[in-house]
>>> print(open('protein-v3.tsv').read())   # TSV, C-alpha atoms
chain	number	residue	atom	x	y	z
A	1	MET	CA	-64.42	-47.82	34.20
A	2	ALA	CA	-64.64	-46.23	30.80
A	3	HIS	CA	-66.24	-42.84	30.56
A	4	GLU	CA	-69.13	-42.68	28.16
A	5	SER	CA	-68.80	-39.87	25.63
A	6	LYS	CA	-71.66	-37.42	25.59
A	7	SER	CA	-72.70	-36.33	22.15
A	8	VAL	CA	-74.05	-32.83	21.54
A	9	PRO	CA	-77.58	-33.06	20.13
A	10	VAL	CA	-77.85	-31.86	16.54
A	11	VAL	CA	-80.73	-29.50	15.80
A	12	PRO	CA	-82.21	-30.07	12.33
A	13	PRO	CA	-81.65	-27.15	9.91
A	14	GLU	CA	-85.39	-26.63	9.42
A	15	ILE	CA	-85.85	-26.16	13.20
A	16	ILE	CA	-82.97	-23.67	13.29
A	17	SER	CA	-84.61	-21.78	10.45
A	18	GLU	CA	-87.96	-21.67	12.29
A	19	ILE	CA	-86.31	-20.37	15.45
A	20	LEU	CA	-84.31	-17.69	13.67
A	21	ALA	CA	-87.35	-16.50	11.70
A	22	ARG	CA	-88.93	-15.43	15.00
A	23	LEU	CA	-86.10	-13.05	15.87
A	24	PRO	CA	-85.99	-9.30	15.15
A	25	VAL	CA	-83.77	-7.98	12.37
A	26	LYS	CA	-81.00	-6.52	14.54
A	27	PRO	CA	-79.92	-9.79	16.25
A	28	LEU	CA	-80.28	-11.64	12.94
A	29	LEU	CA	-77.74	-9.33	11.34
A	30	ARG	CA	-75.29	-10.16	14.12
A	31	MET	CA	-75.99	-13.89	13.86
A	32	ARG	CA	-74.83	-13.93	10.25
A	33	CYS	CA	-71.32	-13.95	11.75
A	34	VAL	CA	-71.89	-17.22	13.63
A	35	SER	CA	-71.02	-19.44	10.69
A	36	LYS	CA	-71.05	-19.59	6.90
A	37	SER	CA	-74.13	-21.80	7.00
A	38	TRP	CA	-76.04	-19.26	9.12
A	39	LEU	CA	-74.90	-16.45	6.85
A	40	SER	CA	-76.18	-18.38	3.84
A	41	LEU	CA	-79.46	-19.22	5.57
A	42	ILE	CA	-80.27	-15.69	6.82
A	43	SER	CA	-79.35	-14.18	3.44
A	44	SER	CA	-81.43	-16.64	1.42
A	45	PRO	CA	-84.58	-15.38	-0.37
A	46	GLN	CA	-86.76	-18.09	1.20
A	47	PHE	CA	-85.68	-17.21	4.73
A	48	ILE	CA	-86.28	-13.50	4.06
A	49	LYS	CA	-89.82	-14.33	2.91
A	50	ASN	CA	-90.49	-16.55	5.92
A	51	HIS	CA	-89.18	-13.91	8.31
A	52	LEU	CA	-91.39	-11.26	6.72
A	53	LYS	CA	-94.43	-13.55	6.79
A	54	PHE	CA	-93.94	-14.30	10.48
A	55	SER	CA	-93.43	-10.61	11.30
A	56	THR	CA	-96.62	-9.52	9.54
A	57	LYS	CA	-98.69	-12.24	11.26
A	58	LYS	CA	-97.66	-11.24	14.78
A	59	GLN	CA	-100.52	-9.54	16.59
A	60	ASP	CA	-98.49	-7.54	19.12
A	61	PHE	CA	-96.89	-5.29	16.42
A	62	ALA	CA	-93.58	-5.63	18.29
A	63	ARG	CA	-91.66	-5.27	15.02
A	64	ASP	CA	-93.69	-2.31	13.75
A	65	ARG	CA	-91.97	1.03	13.84
A	66	LEU	CA	-93.04	4.57	13.14
A	67	LEU	CA	-90.73	6.40	10.78
A	68	PHE	CA	-90.87	10.17	10.64
A	69	SER	CA	-88.80	12.28	8.34
A	70	ASN	CA	-88.39	16.02	8.07
A	71	SER	CA	-86.57	18.42	5.83
A	72	TYR	CA	-83.97	20.59	7.48
A	73	GLU	CA	-81.91	22.94	5.34
A	74	TYR	CA	-82.49	20.74	2.28
A	75	SER	CA	-81.30	17.57	3.96
A	76	LEU	CA	-83.39	14.56	4.91
A	77	ARG	CA	-83.36	13.66	8.59
A	78	VAL	CA	-85.04	10.36	9.39
A	79	TYR	CA	-86.00	8.93	12.78
A	80	ALA	CA	-87.80	5.81	13.97
A	81	CYS	CA	-89.46	4.71	17.17
A	82	SER	CA	-91.12	1.49	18.33
A	83	LEU	CA	-94.87	1.59	17.73
A	84	TYR	CA	-95.49	-0.50	20.84
A	85	SER	CA	-93.63	1.97	23.04
A	86	ILE	CA	-95.60	4.89	21.60
A	87	MET	CA	-98.91	3.15	22.21
A	88	TYR	CA	-98.37	1.63	25.64
A	89	GLN	CA	-95.32	3.01	27.45
A	90	GLU	CA	-95.55	6.23	29.44
A	91	SER	CA	-91.91	7.30	29.65
A	92	PRO	CA	-90.58	9.85	27.13
A	93	HIS	CA	-89.24	8.25	23.98
A	94	ILE	CA	-86.14	9.48	22.19
A	95	PRO	CA	-86.32	8.13	18.63
A	96	ASP	CA	-83.35	6.64	16.87
A	97	GLU	CA	-81.88	8.72	14.07
A	98	LEU	CA	-81.42	6.62	10.93
A	99	ASP	CA	-78.55	7.06	8.53
A	100	PHE	CA	-79.96	7.60	5.05
A	101	LEU	CA	-76.42	7.17	3.63
A	102	CYS	CA	-77.09	9.66	0.85
A	103	LYS	CA	-77.15	13.27	2.00
A	104	ASP	CA	-76.82	16.20	-0.35
A	105	SER	CA	-77.28	19.61	1.26
A	106	PHE	CA	-78.79	21.00	-1.95
A	107	VAL	CA	-81.38	18.26	-2.54
A	108	ASP	CA	-84.89	18.10	-1.09
A	109	TYR	CA	-85.56	14.40	-0.39
A	110	ASN	CA	-89.08	13.04	0.12
A	111	VAL	CA	-90.52	9.64	1.03
A	112	VAL	CA	-92.87	8.74	-1.86
A	113	GLY	CA	-93.85	5.17	-0.97
A	114	SER	CA	-93.09	2.07	1.08
A	115	CYS	CA	-93.76	-1.66	1.14
A	116	ASP	CA	-92.45	-4.48	3.39
A	117	GLY	CA	-89.83	-2.26	5.00
A	118	LEU	CA	-88.59	-0.84	1.68
A	119	PHE	CA	-88.88	2.93	1.20
A	120	CYS	CA	-88.77	4.86	-2.05
A	121	ILE	CA	-87.05	8.24	-1.73
A	122	SER	CA	-87.37	10.96	-4.38
A	123	THR	CA	-85.25	14.05	-4.91
A	124	GLY	CA	-88.12	15.88	-6.60
A	125	SER	CA	-86.63	15.28	-10.05
A	126	HIS	CA	-85.71	11.99	-11.73
A	127	ASP	CA	-83.49	10.62	-8.95
A	128	LEU	CA	-85.07	7.77	-6.98
A	129	PHE	CA	-83.68	5.51	-4.26
A	130	LEU	CA	-84.83	2.29	-2.62
A	131	TRP	CA	-83.84	2.08	1.02
A	132	ASN	CA	-84.31	-0.44	3.83
A	133	PRO	CA	-83.30	1.33	7.07
A	134	SER	CA	-83.46	-1.93	9.09
A	135	ILE	CA	-80.55	-3.49	7.18
A	136	ARG	CA	-78.97	-0.16	6.10
A	137	LYS	CA	-79.11	-0.97	2.40
A	138	LEU	CA	-79.57	1.77	-0.21
A	139	LYS	CA	-79.86	1.60	-3.97
A	140	GLU	CA	-80.16	4.37	-6.55
A	141	LEU	CA	-82.58	3.39	-9.30
A	142	PRO	CA	-81.72	3.81	-12.98
A	143	PHE	CA	-83.25	6.75	-14.84
A	144	SER	CA	-86.87	6.02	-15.78
A	145	GLY	CA	-86.68	7.89	-19.08
A	146	SER	CA	-89.44	10.38	-18.26
A	147	ASN	CA	-89.04	14.04	-19.12
A	148	VAL	CA	-89.95	15.51	-15.74
A	149	HIS	CA	-89.45	19.08	-16.99
A	150	CYS	CA	-92.52	18.70	-19.22
A	151	SER	CA	-94.70	17.18	-16.53
A	152	SER	CA	-97.58	18.75	-14.63
A	153	TYR	CA	-96.98	16.44	-11.69
A	154	LEU	CA	-95.29	13.23	-10.60
A	155	ALA	CA	-96.96	10.58	-8.44
A	156	TYR	CA	-95.37	7.42	-7.09
A	157	GLY	CA	-96.24	4.11	-5.51
A	158	VAL	CA	-94.39	1.04	-4.22
A	159	GLY	CA	-95.84	-2.48	-4.16
A	160	TYR	CA	-95.22	-6.19	-4.48
A	161	ASN	CA	-96.30	-8.55	-7.26
A	162	GLU	CA	-96.72	-11.93	-5.59
A	163	CYS	CA	-97.01	-13.86	-8.87
A	164	GLN	CA	-93.66	-12.55	-10.10
A	165	ASP	CA	-92.16	-12.35	-6.61
A	166	ASP	CA	-91.00	-8.85	-7.48
A	167	TYR	CA	-91.13	-5.41	-5.92
A	168	LYS	CA	-92.30	-2.56	-8.13
A	169	VAL	CA	-91.95	1.20	-8.15
A	170	VAL	CA	-94.58	2.99	-10.23
A	171	GLU	CA	-94.04	6.50	-11.55
A	172	VAL	CA	-97.03	8.45	-12.89
A	173	MET	CA	-96.22	11.52	-14.96
A	174	GLY	CA	-99.14	13.77	-15.89
A	175	CYS	CA	-98.62	15.90	-18.96
A	176	SER	CA	-100.51	17.73	-21.71
A	177	HIS	CA	-100.20	16.71	-25.35
A	178	SER	CA	-101.42	18.85	-28.22
A	179	ASP	CA	-102.74	15.81	-30.09
A	180	TYR	CA	-104.00	13.63	-27.24
A	181	GLY	CA	-105.04	16.10	-24.55
A	182	PHE	CA	-104.04	15.39	-20.95
A	183	ILE	CA	-102.58	11.92	-20.37
A	184	ASN	CA	-100.70	10.04	-17.68
A	185	GLU	CA	-97.60	8.08	-18.57
A	186	PHE	CA	-97.08	5.07	-16.29
A	187	ARG	CA	-93.59	3.65	-15.88
A	188	VAL	CA	-92.90	0.60	-13.73
A	189	TYR	CA	-89.54	-0.27	-12.21
A	190	ASN	CA	-88.94	-4.00	-11.70
A	191	LEU	CA	-86.49	-4.90	-8.94
A	192	ARG	CA	-85.72	-8.31	-10.47
A	193	THR	CA	-84.43	-6.86	-13.72
A	194	ASN	CA	-83.34	-3.46	-12.40
A	195	SER	CA	-85.16	-1.86	-15.32
A	196	TRP	CA	-88.17	0.28	-16.22
A	197	GLU	CA	-91.01	-0.47	-18.58
A	198	MET	CA	-93.74	1.72	-20.03
A	199	ILE	CA	-97.33	0.50	-19.58
A	200	LEU	CA	-100.68	1.68	-20.93
A	201	GLU	CA	-101.36	5.41	-20.77
A	202	TYR	CA	-104.31	6.68	-18.77
A	203	PRO	CA	-105.94	9.65	-20.56
A	204	SER	CA	-108.06	12.51	-19.24
A	205	VAL	CA	-107.46	11.84	-15.55
A	206	ILE	CA	-105.59	13.96	-13.00
A	207	PHE	CA	-103.98	12.09	-10.11
A	208	CYS	CA	-103.32	13.42	-6.63
A	209	ASN	CA	-99.55	13.31	-6.16
A	210	ASP	CA	-99.70	11.83	-2.65
A	211	PRO	CA	-97.92	8.44	-2.43
A	212	ALA	CA	-100.12	5.55	-3.56
A	213	LYS	CA	-101.61	3.17	-0.97
A	214	PHE	CA	-100.72	-0.48	-1.59
A	215	VAL	CA	-103.55	-2.89	-0.72
A	216	ASN	CA	-104.47	-6.32	-2.12
A	217	GLY	CA	-101.83	-6.28	-4.86
A	218	ARG	CA	-102.96	-2.87	-6.12
A	219	LEU	CA	-101.77	0.71	-5.87
A	220	HIS	CA	-104.43	3.31	-5.12
A	221	TRP	CA	-104.49	7.05	-5.87
A	222	ILE	CA	-107.13	9.75	-5.57
A	223	ALA	CA	-108.00	11.04	-9.04
A	224	THR	CA	-110.47	13.19	-10.96
A	225	ARG	CA	-111.41	13.43	-14.61
A	226	VAL	CA	-110.25	16.43	-16.64
A	227	THR	CA	-113.77	16.91	-18.05
A	228	ASP	CA	-115.47	16.77	-14.63
A	229	LYS	CA	-116.76	20.30	-14.05
A	230	ASN	CA	-117.88	19.36	-10.54
A	231	ASP	CA	-114.30	18.49	-9.65
A	232	SER	CA	-115.42	15.26	-8.00
A	233	TRP	CA	-112.67	12.88	-6.92
A	234	PHE	CA	-112.58	9.09	-6.95
A	235	VAL	CA	-110.15	6.27	-6.16
A	236	SER	CA	-108.25	4.73	-9.07
A	237	SER	CA	-106.29	1.50	-8.67
A	238	LEU	CA	-103.51	-0.12	-10.69
A	239	ASN	CA	-103.30	-3.91	-10.52
A	240	LEU	CA	-99.60	-4.80	-10.43
A	241	MET	CA	-100.26	-8.29	-11.79
A	242	ASP	CA	-102.09	-7.54	-15.04
A	243	LYS	CA	-101.47	-3.74	-15.12
A	244	SER	CA	-105.19	-2.95	-15.39
A	245	TYR	CA	-106.90	0.17	-14.05
A	246	GLU	CA	-110.07	0.09	-11.99
A	247	LYS	CA	-112.28	2.54	-10.13
A	248	VAL	CA	-112.76	1.63	-6.46
A	249	ALA	CA	-116.16	2.37	-4.94
A	250	LEU	CA	-116.19	4.79	-2.03
A	251	PRO	CA	-118.33	4.52	1.11
A	252	ASP	CA	-121.61	6.41	1.34
A	253	LEU	CA	-120.14	9.59	2.77
A	254	ASP	CA	-122.38	12.12	4.49
A	255	ASP	CA	-123.50	15.09	2.42
A	256	GLY	CA	-121.90	18.42	3.18
A	257	ASN	CA	-118.56	20.17	3.00
A	258	PHE	CA	-115.57	18.00	3.81
A	259	ASP	CA	-112.11	16.99	2.64
A	260	TRP	CA	-111.06	13.36	2.41
A	261	GLU	CA	-107.81	11.48	2.12
A	262	LEU	CA	-106.86	7.94	1.31
A	263	GLY	CA	-104.96	5.74	3.73
A	264	THR	CA	-104.43	2.22	5.07
A	265	LEU	CA	-105.27	0.89	8.52
A	266	GLY	CA	-104.60	-2.69	9.53
A	267	GLY	CA	-103.72	-3.56	5.93
A	268	ASN	CA	-107.12	-2.35	4.69
A	269	LEU	CA	-107.93	0.53	2.36
A	270	SER	CA	-109.23	3.47	4.39
A	271	VAL	CA	-110.83	6.86	3.85
A	272	PHE	CA	-110.39	9.75	6.28
A	273	CYS	CA	-113.21	12.29	5.97
A	274	ASP	CA	-112.41	15.64	7.59
A	275	CYS	CA	-115.59	17.60	8.25
A	276	TYR	CA	-113.89	20.97	8.60
A	277	LYS	CA	-112.64	20.94	12.17
A	278	VAL	CA	-115.84	19.38	13.51
A	279	ARG	CA	-114.91	15.70	13.33
A	280	MET	CA	-112.83	13.17	11.42
A	281	ASP	CA	-114.77	10.12	10.19
A	282	VAL	CA	-112.60	7.02	9.70
A	283	TRP	CA	-113.84	4.46	7.15
A	284	VAL	CA	-112.26	1.06	6.53
A	285	MET	CA	-112.96	-1.36	3.63
A	286	LYS	CA	-112.91	-4.63	5.57
A	287	ALA	CA	-113.37	-6.88	2.51
A	288	TYR	CA	-111.50	-5.52	-0.48
A	289	GLY	CA	-113.69	-4.75	-3.49
A	290	LEU	CA	-117.01	-5.01	-1.65
A	291	VAL	CA	-118.64	-1.60	-1.31
A	292	GLU	CA	-120.93	-2.91	1.42
A	293	SER	CA	-117.88	-3.74	3.57
A	294	TRP	CA	-117.01	-0.08	4.07
A	295	THR	CA	-117.38	0.50	7.83
A	296	LYS	CA	-117.15	3.70	9.83
A	297	VAL	CA	-114.86	2.58	12.66
A	298	ALA	CA	-114.60	5.94	14.42
A	299	SER	CA	-115.82	9.52	14.39
A	300	ILE	CA	-113.10	11.57	16.05
A	301	PRO	CA	-114.25	14.93	17.44
A	302	TYR	CA	-112.05	18.01	17.21
A	303	PHE	CA	-111.50	19.90	20.44
A	304	THR	CA	-110.01	23.29	21.19
A	305	ALA	CA	-106.47	21.97	21.74
A	306	ILE	CA	-106.35	20.57	18.19
A	307	GLU	CA	-104.79	23.31	16.08
A	308	HIS	CA	-104.05	21.32	12.93
A	309	SER	CA	-105.83	18.74	10.82
A	310	ILE	CA	-105.45	15.21	12.15
A	311	LEU	CA	-104.60	12.11	10.15
A	312	PRO	CA	-104.89	8.49	11.35
A	313	VAL	CA	-101.66	6.49	11.25
A	314	PHE	CA	-102.53	3.26	13.09
A	315	ILE	CA	-105.54	1.57	14.72
A	316	SER	CA	-105.16	-1.11	17.41
A	317	HIS	CA	-107.39	-4.09	18.15
A	318	ASN	CA	-108.93	-2.24	21.08
A	319	ASP	CA	-109.91	0.73	18.90
A	320	GLU	CA	-107.13	3.11	19.88
A	321	ILE	CA	-106.13	5.32	16.96
A	322	LEU	CA	-102.71	6.95	16.62
A	323	LEU	CA	-103.05	10.33	14.90
A	324	GLN	CA	-100.66	12.72	13.27
A	325	HIS	CA	-101.37	16.24	14.52
A	326	GLY	CA	-99.13	18.63	12.64
A	327	SER	CA	-95.61	17.70	13.73
A	328	SER	CA	-96.78	15.80	16.83
A	329	LEU	CA	-98.80	12.71	17.72
A	330	LEU	CA	-102.13	12.12	19.46
A	331	LEU	CA	-103.63	8.87	20.73
A	332	TYR	CA	-107.43	8.66	20.59
A	333	ASN	CA	-109.46	6.05	22.48
A	334	SER	CA	-112.76	5.69	20.62
A	335	THR	CA	-114.32	3.64	23.43
A	336	HIS	CA	-113.83	6.32	26.09
A	337	ASN	CA	-113.66	9.30	23.70
A	338	THR	CA	-110.37	10.48	25.22
A	339	PHE	CA	-107.08	11.85	23.91
A	340	LYS	CA	-103.54	11.69	25.22
A	341	HIS	CA	-100.16	12.86	23.96
A	342	PRO	CA	-97.50	10.15	23.55
A	343	GLN	CA	-94.22	11.41	24.96
A	344	VAL	CA	-92.10	11.27	21.80
A	345	GLN	CA	-89.30	13.79	21.36
A	346	ILE	CA	-89.76	14.70	17.72
A	347	PRO	CA	-86.90	16.87	16.37
A	348	HIS	CA	-87.82	20.23	14.92
A	349	GLY	CA	-88.10	20.69	11.18
A	350	TYR	CA	-90.68	21.25	8.49
A	351	GLY	CA	-92.66	18.99	6.21
A	352	ILE	CA	-92.71	16.13	8.71
A	353	GLN	CA	-93.95	12.84	7.24
A	354	PHE	CA	-95.07	9.91	9.38
A	355	CYS	CA	-95.03	6.38	8.00
A	356	LEU	CA	-95.65	3.04	9.67
A	357	TYR	CA	-93.37	0.20	8.59
A	358	ILE	CA	-92.28	-3.25	9.66
A	359	GLU	CA	-88.65	-4.22	10.12
A	360	SER	CA	-87.61	-6.66	7.41
A	361	LEU	CA	-84.62	-8.23	5.69
A	362	VAL	CA	-85.92	-7.32	2.22
A	363	SER	CA	-83.04	-5.88	0.22
A	364	PRO	CA	-83.26	-3.13	-2.41
A	365	HIS	CA	-80.79	-5.27	-4.38
A	366	TYR	CA	-82.48	-8.28	-5.94
A	367	VAL	CA	-79.30	-10.36	-5.89
A	368	GLU	CA	-77.75	-9.88	-2.48
A	369	GLU	CA	-74.00	-10.20	-2.22
A	370	VAL	CA	-73.16	-12.68	0.57
>>> encode(input="protein-v3.tsv", output="structure tokens")
Amino acid sequence: MAHESKSVPVVPPEIISEILARLPVKPLLRMRCVSKSWLSLISSPQFIKNHLKFSTKKQDFARDRLLFSNSYEYSLRVYACSLYSIMYQESPHIPDELDFLCKDSFVDYNVVGSCDGLFCISTGSHDLFLWNPSIRKLKELPFSGSNVHCSSYLAYGVGYNECQDDYKVVEVMGCSHSDYGFINEFRVYNLRTNSWEMILEYPSVIFCNDPAKFVNGRLHWIATRVTDKNDSWFVSSLNLMDKSYEKVALPDLDDGNFDWELGTLGGNLSVFCDCYKVRMDVWVMKAYGLVESWTKVASIPYFTAIEHSILPVFISHNDEILLQHGSSLLLYNSTHNTFKHPQVQIPHGYGIQFCLYIESLVSPHYVEEV
């Protein structure tokens, strides 16, 4: 009796692609060694976009990580920890140290922006790097052409132009001119062309040099006008598509003495209003561009154990807010008005920066070598 041959079922390529897009970055990097076809697929721009889209749509933030960097003897030390473990697991967490791949003991590195898993690192002068720690890819950007020695300040932002399918780094250099007064020179780095371009100058405005917040295709900075004797601050945005500037309306903040900072929570533009160690009001613009959509989602009270200013980093669907407290973390439950300390072993250092990011395959090199 003849034996019937059993054929191995063939999975269509589009199904394979859908399955792989649901995997984290680390196993995907290993699976590039399975075959040339899988290497080509995982390295393709379309797959990288699909993987990123699926990761950002997941509601359990399993691929979100908290990056914290500190300066130690003029070197950048970078660590990362799973956001899910910080929020929901009780055991102490030892973060993973990330290899920045570019360490100079005489350079003070700083994170000046991030988008889709890409970080922009500055040396405090004209040297800039794009870095994706998930895939361990680093790129030094070409010189922007700005004369940083004549500048009053430098501000940066990183974003994505969907129409051009291009990542951008924006450098704002504030400087005084004898003929034109105080102006800001905007230079934009385009990843596709690996080049910088100069765009319209923005006169008579001083920008806060904190990294810009990228929301709805726009970069946002806190700014004030040079001629404003009241020193009142507003939010200025730069549209990466048409390179236009706009003023973004703020919520109706309570009268009185307070400091405020700009942030993002859940992909929305946010304002953190610190009422001088009494409370921190957290505002979120739930529909971009609509002033009436500003919503106060929490009013976090200070208590005696809080020694430093707090700053929201993340808000969950059940209204738990992860806070930076100096060089440590706090978790605030707005429903029960309680605090707890996540057990994260944060290495000692100074100037600690916390940044939430999602693991991605996005490369700092536009044309990836396969």
>>> residues_around(input="protein-v3.tsv", residues="A:Met198", least_positions_apart="4", cutoff="7 Å", atoms="all atoms listed in the file", output="VMD selection string")
chain A and resid 186 to 188
>>> closest_residue(input="protein-v3.tsv", among="A:Ala155, A:Leu240, A:Ile300, A:Val215", to="A:Met285", atoms="all atoms listed in the file")
A:Val215
>>> atom_distance(input="protein-v3.tsv", atom1="atom CA of A:Ser122", atom2="atom CA of A:Leu154")
10.3 Å
>>> closest_residue(input="protein-v3.tsv", among="A:Ser55, A:His220, A:Tyr357, A:Asn70", to="A:Tyr109", atoms="all atoms listed in the file")
A:Asn70
>>> residues_around(input="protein-v3.tsv", residues="A:Phe258", least_positions_apart="2", cutoff="10 Å", atoms="only C-alpha atoms", output="number ranges by chain")
A: 253-256, 260, 273-280
>>> closest_residue(input="protein-v3.tsv", among="A:Tyr189, A:Asn209, A:Glu97, A:Arg22", to="A:Thr56", atoms="all atoms listed in the file")
A:Arg22
>>> residues_around(input="protein-v3.tsv", residues="stretch 127-135 of chain A", least_positions_apart="2", cutoff="7 Å", atoms="all atoms listed in the file", output="PyMOL selection string")
chain A and resi 25+98+117-123+125+137-141+359-361+363-364
>>> closest_residue(input="protein-v3.tsv", among="A:His308, A:His325, A:Arg192, A:His93", to="A:Pro342", atoms="all atoms listed in the file")
A:His93
>>> atom_distance(input="protein-v3.tsv", atom1="atom CA of A:Gly266", atom2="atom CA of A:Val235")
18.9 Å
>>> atom_distance(input="protein-v3.tsv", atom1="atom CA of A:Glu201", atom2="atom CA of A:Ala223")
14.6 Å
>>> residues_around(input="protein-v3.tsv", residues="A:Asn337", least_positions_apart="4", cutoff="10 Å", atoms="all atoms listed in the file", output="PyMOL selection string")
chain A and resi 298-301+320+332-333
>>> residues_near_point(input="protein-v3.tsv", point="(-107.1, 2.7, 13.2)", cutoff="9 Å", atoms="all atoms listed in the file", output="MDAnalysis selection string")
chainID A and resid 264:266 282 284 297:298 312:317 319:323
>>> decode(input="protein-v3.tsv", residues="stretch 151-163 of chain A", atoms="N, CA and C atoms", output="short mmCIF file (atom, residue, chain, number, x, y, z; two decimals), in the first residue's frame")
data_model
loop_
_atom_site.label_atom_id
_atom_site.label_comp_id
_atom_site.auth_asym_id
_atom_site.auth_seq_id
_atom_site.Cartn_x
_atom_site.Cartn_y
_atom_site.Cartn_z
N SER A 151 24.79 82.30 20.38
CA SER A 151 23.39 82.09 20.75
C SER A 151 23.14 82.39 22.22
N SER A 152 21.90 82.79 22.50
CA SER A 152 21.47 82.97 23.89
C SER A 152 20.99 81.65 24.46
N TYR A 153 20.43 80.82 23.62
CA TYR A 153 19.98 79.49 24.03
C TYR A 153 19.76 78.62 22.81
N LEU A 154 19.68 77.32 23.05
CA LEU A 154 19.32 76.35 22.02
C LEU A 154 18.16 75.52 22.54
N ALA A 155 17.15 75.33 21.70
CA ALA A 155 16.02 74.47 22.04
C ALA A 155 15.83 73.47 20.91
N TYR A 156 15.36 72.27 21.26
CA TYR A 156 15.25 71.21 20.26
C TYR A 156 13.88 70.54 20.33
N GLY A 157 13.55 69.84 19.27
CA GLY A 157 12.36 69.02 19.22
C GLY A 157 12.51 67.95 18.15
N VAL A 158 11.84 66.81 18.36
CA VAL A 158 11.87 65.71 17.40
C VAL A 158 10.43 65.33 17.07
N GLY A 159 10.13 65.17 15.77
CA GLY A 159 8.77 64.82 15.36
C GLY A 159 8.75 64.08 14.05
N TYR A 160 7.53 63.79 13.59
CA TYR A 160 7.33 63.01 12.38
C TYR A 160 6.35 63.73 11.47
N ASN A 161 6.73 63.90 10.21
CA ASN A 161 5.86 64.49 9.20
C ASN A 161 5.23 63.35 8.41
N GLU A 162 3.95 63.11 8.65
CA GLU A 162 3.27 61.97 8.03
C GLU A 162 3.17 62.13 6.52
N CYS A 163 2.94 63.35 6.05
CA CYS A 163 2.79 63.57 4.60
C CYS A 163 4.07 63.24 3.85
#
